[in-house]
Amino acid sequence: MIIHTPRLVLREFVSEDWTAVHRYATLDDVCRYQQWGPNTETETKEFVQEAIEAARQIPRRRYALAIVGLDSGLLMGTIELDVRGQHFRIAEIGYILHPEHWGRGFAQEAAQGILRFGFENLDVHRIFATCDPRNHASASVLRRIGMTQEGWARDERRVRDGWRDTLTFGMLDQEWYGESRIGLQPDRAVDHPRLLIRERTDEDLESIREVDLLTWAPNNSPAPAPPEPLEKYRMYRQHWRGLVAVLDGQVCGYAGVNTPSLPSQQHVLMLDIAVHPRFQRRGIATALLRAVEAEARAQGKTKVALRVLSSNPGAVSLYRRLGYMEEGRLRKEFFLNGVYVDDLFMCKIL
Ligand SMILES: CC(C)(COP(=O)(O)OP(=O)(O)OC[C@H]1O[C@@H](n2cnc3c(N)ncnc32)[C@H](O)[C@@H]1OP(=O)(O)O)[C@@H](O)C(=O)NCCC(=O)NCCS
């Protein structure tokens, strides 16, 4: 499995990674506040091997992943999610980063990626993390990703320099979805807390048409442009269902949803999405997708699927970032604007 974030790839370990892990597993600064490390070579090799073996367990309970720079390809650290109570859907997260990469928000980005994976792919109810109260940097990462400090246990464990206290931070699934529903996740730049996502009504049609006309382009749609006259547009969108994002009373984006007609496909929800150009890159599509997924779950759907053109890398990266995976690709399926483009089938299993 692999998790994409804007600047990182969180991927499975391979045996050869032990040398990169050992570069930080031997540093006192990295291990100061935890029981793990400093390691001998054998201990680091064992850690990597155990992470690889954990990935083969069914059901899998431990997700110890390498934090790798998207551009640099450098292995910078480890992020881990451990399912503690399968039945109660509880998991713990933890992370370690080489000091060379501290101070640039990578721990926060990786932690956010693993939170998203836990809540949205594993359907966990509660995720918690612990840290030494003296480790201000780590506590601040946990706060910034939206976790709540829940407790302070005194002399909770014994480490190299004696007994240490432990802070516990936690987040529940309703907090994760509640925040994302109004576009307020800490990593998003939505500057308006008053983003409302609701079912579309007939009154929204003109606004939806405006979004469509402003966003349609041959790089994002193989179909001709939508009809401009309102009456024709009304016919075009006649049976269309979906959610709209409304910011301060203005419709700024939509997500269309559609269930295929076959009885054997009733668990699938197909979606299409567009955001008014003036409101792009502010987390609106992210909030819409999260709302669609919450809606799909509530309806008992187990798969959200979509199609996207290879000539639309912004949309592909949006979907990847939210945990959608490519499940198929029709190569050179369309000839648009003088070039062949692929038709990608992407999905998320809920
Ligand atoms: C694709 C689209 C829906 C994204 O809407 P949005 O509200 O701007 O998306 P978000 O702000 O939630 O983006 C979240 C992340 O997705 C990625 N992303 C979104 N648009 C991107 C772009 N144009 N280029 C690169 N990455 C992009 C980024 O990782 C972004 O996070 P960041 O802003 O922190 O870098 C919007 O650009 C759009 O309406 N495009 C035209 C219609 C379309 O292509 N629809 C999809 C058809 S399959």
# chains A, B, ... in the order shown; residues from 1 in each chain; ligands from 1
call {"tool": "closest_atom_pairs", "arguments": {"of": "chain A", "to": "ligand 1", "cutoff": "6 Å", "atoms": "only C-alpha atoms and all ligand atoms", "output": "Markdown table"}}
result
| residue | atom | partner | partner_atom_place_in_ligand_line | distance |
| --- | --- | --- | --- | --- |
| A:Pro6 | CA | ligand 1 | 29 (O) | 5.3 |
| A:Thr215 | CA | ligand 1 | 41 (C) | 4.8 |
| A:Asn220 | CA | ligand 1 | 44 (O) | 4.7 |
| A:Ile273 | CA | ligand 1 | 45 (N) | 5.0 |
| A:Ala274 | CA | ligand 1 | 39 (O) | 3.3 |
| A:Val275 | CA | ligand 1 | 39 (O) | 3.7 |
| A:Gln280 | CA | ligand 1 | 8 (O) | 3.3 |
| A:Arg281 | CA | ligand 1 | 11 (O) | 3.2 |
| A:Arg282 | CA | ligand 1 | 11 (O) | 4.1 |
| A:Gly283 | CA | ligand 1 | 12 (O) | 3.3 |
| A:Ile284 | CA | ligand 1 | 7 (O) | 3.9 |
| A:Ala285 | CA | ligand 1 | 7 (O) | 3.8 |
| A:Thr286 | CA | ligand 1 | 12 (O) | 3.7 |
| A:Arg307 | CA | ligand 1 | 48 (S) | 5.8 |
| A:Val308 | CA | ligand 1 | 48 (S) | 4.0 |
| A:Gly314 | CA | ligand 1 | 22 (C) | 3.4 |
| A:Ala315 | CA | ligand 1 | 1 (C) | 4.0 |
| A:Ser317 | CA | ligand 1 | 17 (C) | 5.0 |
| A:Leu318 | CA | ligand 1 | 16 (O) | 3.2 |
call {"tool": "residues_around", "arguments": {"residues": "Met270 (chain A)", "least_positions_apart": "2", "cutoff": "6 Å", "atoms": "only C-alpha atoms", "output": "PDB file with C-alpha atoms, in the first residue's frame"}}
result
ATOM      1  CA  VAL A 257     -23.238  11.392  -7.774  1.00  0.00           C
ATOM      2  CA  ASN A 258     -24.728   8.560  -9.711  1.00  0.00           C
ATOM      3  CA  VAL A 304     -16.719   5.390  -4.833  1.00  0.00           C
ATOM      4  CA  ALA A 305     -15.509   5.410  -8.440  1.00  0.00           C
ATOM      5  CA  LEU A 306     -14.642   8.058 -11.008  1.00  0.00           C
TER       6      LEU A 306
END
call {"tool": "closest_residue", "arguments": {"among": "A:Phe345, A:Phe128, A:Trp163, A:Tyr340", "to": "Glu326 (chain A)", "atoms": "only C-alpha atoms"}}
result
A:Phe345
call {"tool": "residues_around", "arguments": {"residues": "region 236-245 of chain A", "least_positions_apart": "3", "cutoff": "8 Å", "atoms": "only C-alpha atoms", "output": "ChimeraX atom specification"}}
result
/A:195-200,226-227,232-233,251-258,284,288,292
call {"tool": "write_last_selection", "arguments": {"atoms": "N, CA and C atoms", "output": "PDB file, in the first residue's frame"}}
result
ATOM      1  N   LEU A 195     -18.417  27.318   5.085  1.00  0.00           N
ATOM      2  CA  LEU A 195     -18.639  26.510   3.885  1.00  0.00           C
ATOM      3  C   LEU A 195     -19.684  25.458   4.205  1.00  0.00           C
ATOM      4  N   LEU A 196     -20.760  25.485   3.431  1.00  0.00           N
ATOM      5  CA  LEU A 196     -21.854  24.544   3.671  1.00  0.00           C
ATOM      6  C   LEU A 196     -21.911  23.564   2.509  1.00  0.00           C
ATOM      7  N   ILE A 197     -22.063  22.293   2.822  1.00  0.00           N
ATOM      8  CA  ILE A 197     -22.224  21.308   1.746  1.00  0.00           C
ATOM      9  C   ILE A 197     -23.595  20.670   1.906  1.00  0.00           C
ATOM     10  N   ARG A 198     -24.386  20.756   0.831  1.00  0.00           N
ATOM     11  CA  ARG A 198     -25.752  20.244   0.931  1.00  0.00           C
ATOM     12  C   ARG A 198     -26.182  19.669  -0.409  1.00  0.00           C
ATOM     13  N   GLU A 199     -27.344  18.970  -0.394  1.00  0.00           N
ATOM     14  CA  GLU A 199     -27.939  18.441  -1.635  1.00  0.00           C
ATOM     15  C   GLU A 199     -28.239  19.595  -2.569  1.00  0.00           C
ATOM     16  N   ARG A 200     -28.087  19.375  -3.870  1.00  0.00           N
ATOM     17  CA  ARG A 200     -28.412  20.471  -4.788  1.00  0.00           C
ATOM     18  C   ARG A 200     -29.937  20.566  -4.950  1.00  0.00           C
ATOM     19  N   PRO A 226     -20.853  21.812 -22.247  1.00  0.00           N
ATOM     20  CA  PRO A 226     -22.281  21.763 -21.918  1.00  0.00           C
ATOM     21  C   PRO A 226     -23.039  22.878 -22.655  1.00  0.00           C
ATOM     22  N   PRO A 227     -24.339  22.660 -22.956  1.00  0.00           N
ATOM     23  CA  PRO A 227     -25.087  23.683 -23.689  1.00  0.00           C
ATOM     24  C   PRO A 227     -25.236  24.962 -22.869  1.00  0.00           C
ATOM     25  N   LYS A 232     -31.802  24.501 -22.419  1.00  0.00           N
ATOM     26  CA  LYS A 232     -31.089  23.297 -22.893  1.00  0.00           C
ATOM     27  C   LYS A 232     -30.245  22.703 -21.761  1.00  0.00           C
ATOM     28  N   TYR A 233     -29.658  23.590 -20.964  1.00  0.00           N
ATOM     29  CA  TYR A 233     -28.823  23.130 -19.861  1.00  0.00           C
ATOM     30  C   TYR A 233     -29.672  22.363 -18.849  1.00  0.00           C
ATOM     31  N   VAL A 251     -22.841  29.350  -4.576  1.00  0.00           N
ATOM     32  CA  VAL A 251     -22.440  27.994  -4.970  1.00  0.00           C
ATOM     33  C   VAL A 251     -21.067  28.089  -5.625  1.00  0.00           C
ATOM     34  N   CYS A 252     -20.073  27.410  -5.028  1.00  0.00           N
ATOM     35  CA  CYS A 252     -18.722  27.535  -5.578  1.00  0.00           C
ATOM     36  C   CYS A 252     -18.204  26.207  -6.127  1.00  0.00           C
ATOM     37  N   GLY A 253     -18.989  25.155  -6.032  1.00  0.00           N
ATOM     38  CA  GLY A 253     -18.554  23.884  -6.601  1.00  0.00           C
ATOM     39  C   GLY A 253     -19.630  22.841  -6.418  1.00  0.00           C
ATOM     40  N   TYR A 254     -19.456  21.742  -7.138  1.00  0.00           N
ATOM     41  CA  TYR A 254     -20.441  20.664  -6.998  1.00  0.00           C
ATOM     42  C   TYR A 254     -19.760  19.306  -7.130  1.00  0.00           C
ATOM     43  N   ALA A 255     -20.431  18.284  -6.605  1.00  0.00           N
ATOM     44  CA  ALA A 255     -20.009  16.900  -6.830  1.00  0.00           C
ATOM     45  C   ALA A 255     -21.253  16.141  -7.263  1.00  0.00           C
ATOM     46  N   GLY A 256     -21.241  15.664  -8.493  1.00  0.00           N
ATOM     47  CA  GLY A 256     -22.373  14.886  -8.996  1.00  0.00           C
ATOM     48  C   GLY A 256     -22.216  13.438  -8.556  1.00  0.00           C
ATOM     49  N   VAL A 257     -23.317  12.801  -8.169  1.00  0.00           N
ATOM     50  CA  VAL A 257     -23.238  11.392  -7.774  1.00  0.00           C
ATOM     51  C   VAL A 257     -24.270  10.587  -8.548  1.00  0.00           C
ATOM     52  N   ASN A 258     -23.889   9.371  -8.854  1.00  0.00           N
ATOM     53  CA  ASN A 258     -24.728   8.560  -9.711  1.00  0.00           C
ATOM     54  C   ASN A 258     -24.490   7.087  -9.379  1.00  0.00           C
ATOM     55  N   ILE A 284     -12.056  23.204  -1.425  1.00  0.00           N
ATOM     56  CA  ILE A 284     -13.494  22.988  -1.661  1.00  0.00           C
ATOM     57  C   ILE A 284     -13.738  21.566  -2.201  1.00  0.00           C
ATOM     58  N   LEU A 288     -15.865  18.564  -0.597  1.00  0.00           N
ATOM     59  CA  LEU A 288     -16.965  17.911  -1.330  1.00  0.00           C
ATOM     60  C   LEU A 288     -16.762  16.390  -1.392  1.00  0.00           C
ATOM     61  N   VAL A 292     -19.163  13.496   0.027  1.00  0.00           N
ATOM     62  CA  VAL A 292     -19.703  12.416  -0.818  1.00  0.00           C
ATOM     63  C   VAL A 292     -19.414  11.063  -0.163  1.00  0.00           C
TER      64      VAL A 292
END
call {"tool": "atom_distance", "arguments": {"atom1": "CA of Cys31 (chain A)", "atom2": "CA of Pro133 (chain A)"}}
result
14.4 Å
call {"tool": "residues_around", "arguments": {"residues": "Tyr324 (chain A)", "least_positions_apart": "5", "cutoff": "7 Å", "atoms": "only C-alpha atoms", "output": "VMD selection string"}}
result
chain A and resid 319 346 to 348
call {"tool": "write_last_selection", "arguments": {"atoms": "C-alpha atoms", "output": "CSV table (one decimal), in the first residue's frame"}}
result
chain,number,residue,atom,x,y,z
A,319,TYR,CA,-7.9,12.1,-5.9
A,346,MET,CA,-9.9,5.5,-10.0
A,347,CYS,CA,-11.7,4.4,-6.9
A,348,LYS,CA,-11.8,4.3,-3.2
call {"tool": "residues_around", "arguments": {"residues": "Thr130 (chain A)", "least_positions_apart": "6", "cutoff": "10 Å", "atoms": "only C-alpha atoms", "output": "PyMOL selection string"}}
result
chain A and resi 92-94+138-139+142+149-152+166-170
call {"tool": "closest_residue", "arguments": {"among": "A:Val48, A:Ile67, A:Met171, A:Ile145", "to": "His22 (chain A)", "atoms": "only C-alpha atoms"}}
result
A:Val48
call {"tool": "closest_residue", "arguments": {"among": "A:Ala153, A:Gln250, A:Ile58, A:Leu350", "to": "Val124 (chain A)", "atoms": "only C-alpha atoms"}}
result
A:Leu350
call {"tool": "closest_residue", "arguments": {"among": "A:Ala110, A:Val341, A:Ile208, A:Val14", "to": "Met76 (chain A)", "atoms": "only C-alpha atoms"}}
result
A:Ala110
call {"tool": "residues_around", "arguments": {"residues": "region 102-106 of chain A", "least_positions_apart": "4", "cutoff": "10 Å", "atoms": "only C-alpha atoms", "output": "MDAnalysis selection string"}}
result
chainID A and resid 5 7:8 67:69 76:77 96:98 110:112 137 141
call {"tool": "atom_distance", "arguments": {"atom1": "CA of Ile349 (chain A)", "atom2": "CA of Lys303 (chain A)"}}
result
4.6 Å
call {"tool": "closest_residue", "arguments": {"among": "A:Met235, A:Ala225, A:Cys131, A:Val21", "to": "Asp202 (chain A)", "atoms": "only C-alpha atoms"}}
result
A:Met235
call {"tool": "closest_residue", "arguments": {"among": "A:Ala129, A:Met147, A:Leu75, A:Leu230", "to": "Asp17 (chain A)", "atoms": "only C-alpha atoms"}}
result
A:Leu75
call {"tool": "select_by_dssp", "arguments": {"residues": "region 142-232 of chain A", "states": "strand (DSSP E)", "output": "list in words"}}
result
Thr148, Gln149, Glu150, Gly151, Trp152, Ala153, Arg154, Asp155, Glu156, Arg157, Arg158, Val159, Gly162, Trp163, Arg164, Asp165, Thr166, Leu167, Thr168, Phe169, Gly170, Met171, Leu172, Leu195, Leu196, Ile197, Arg198 and Glu199 of chain A
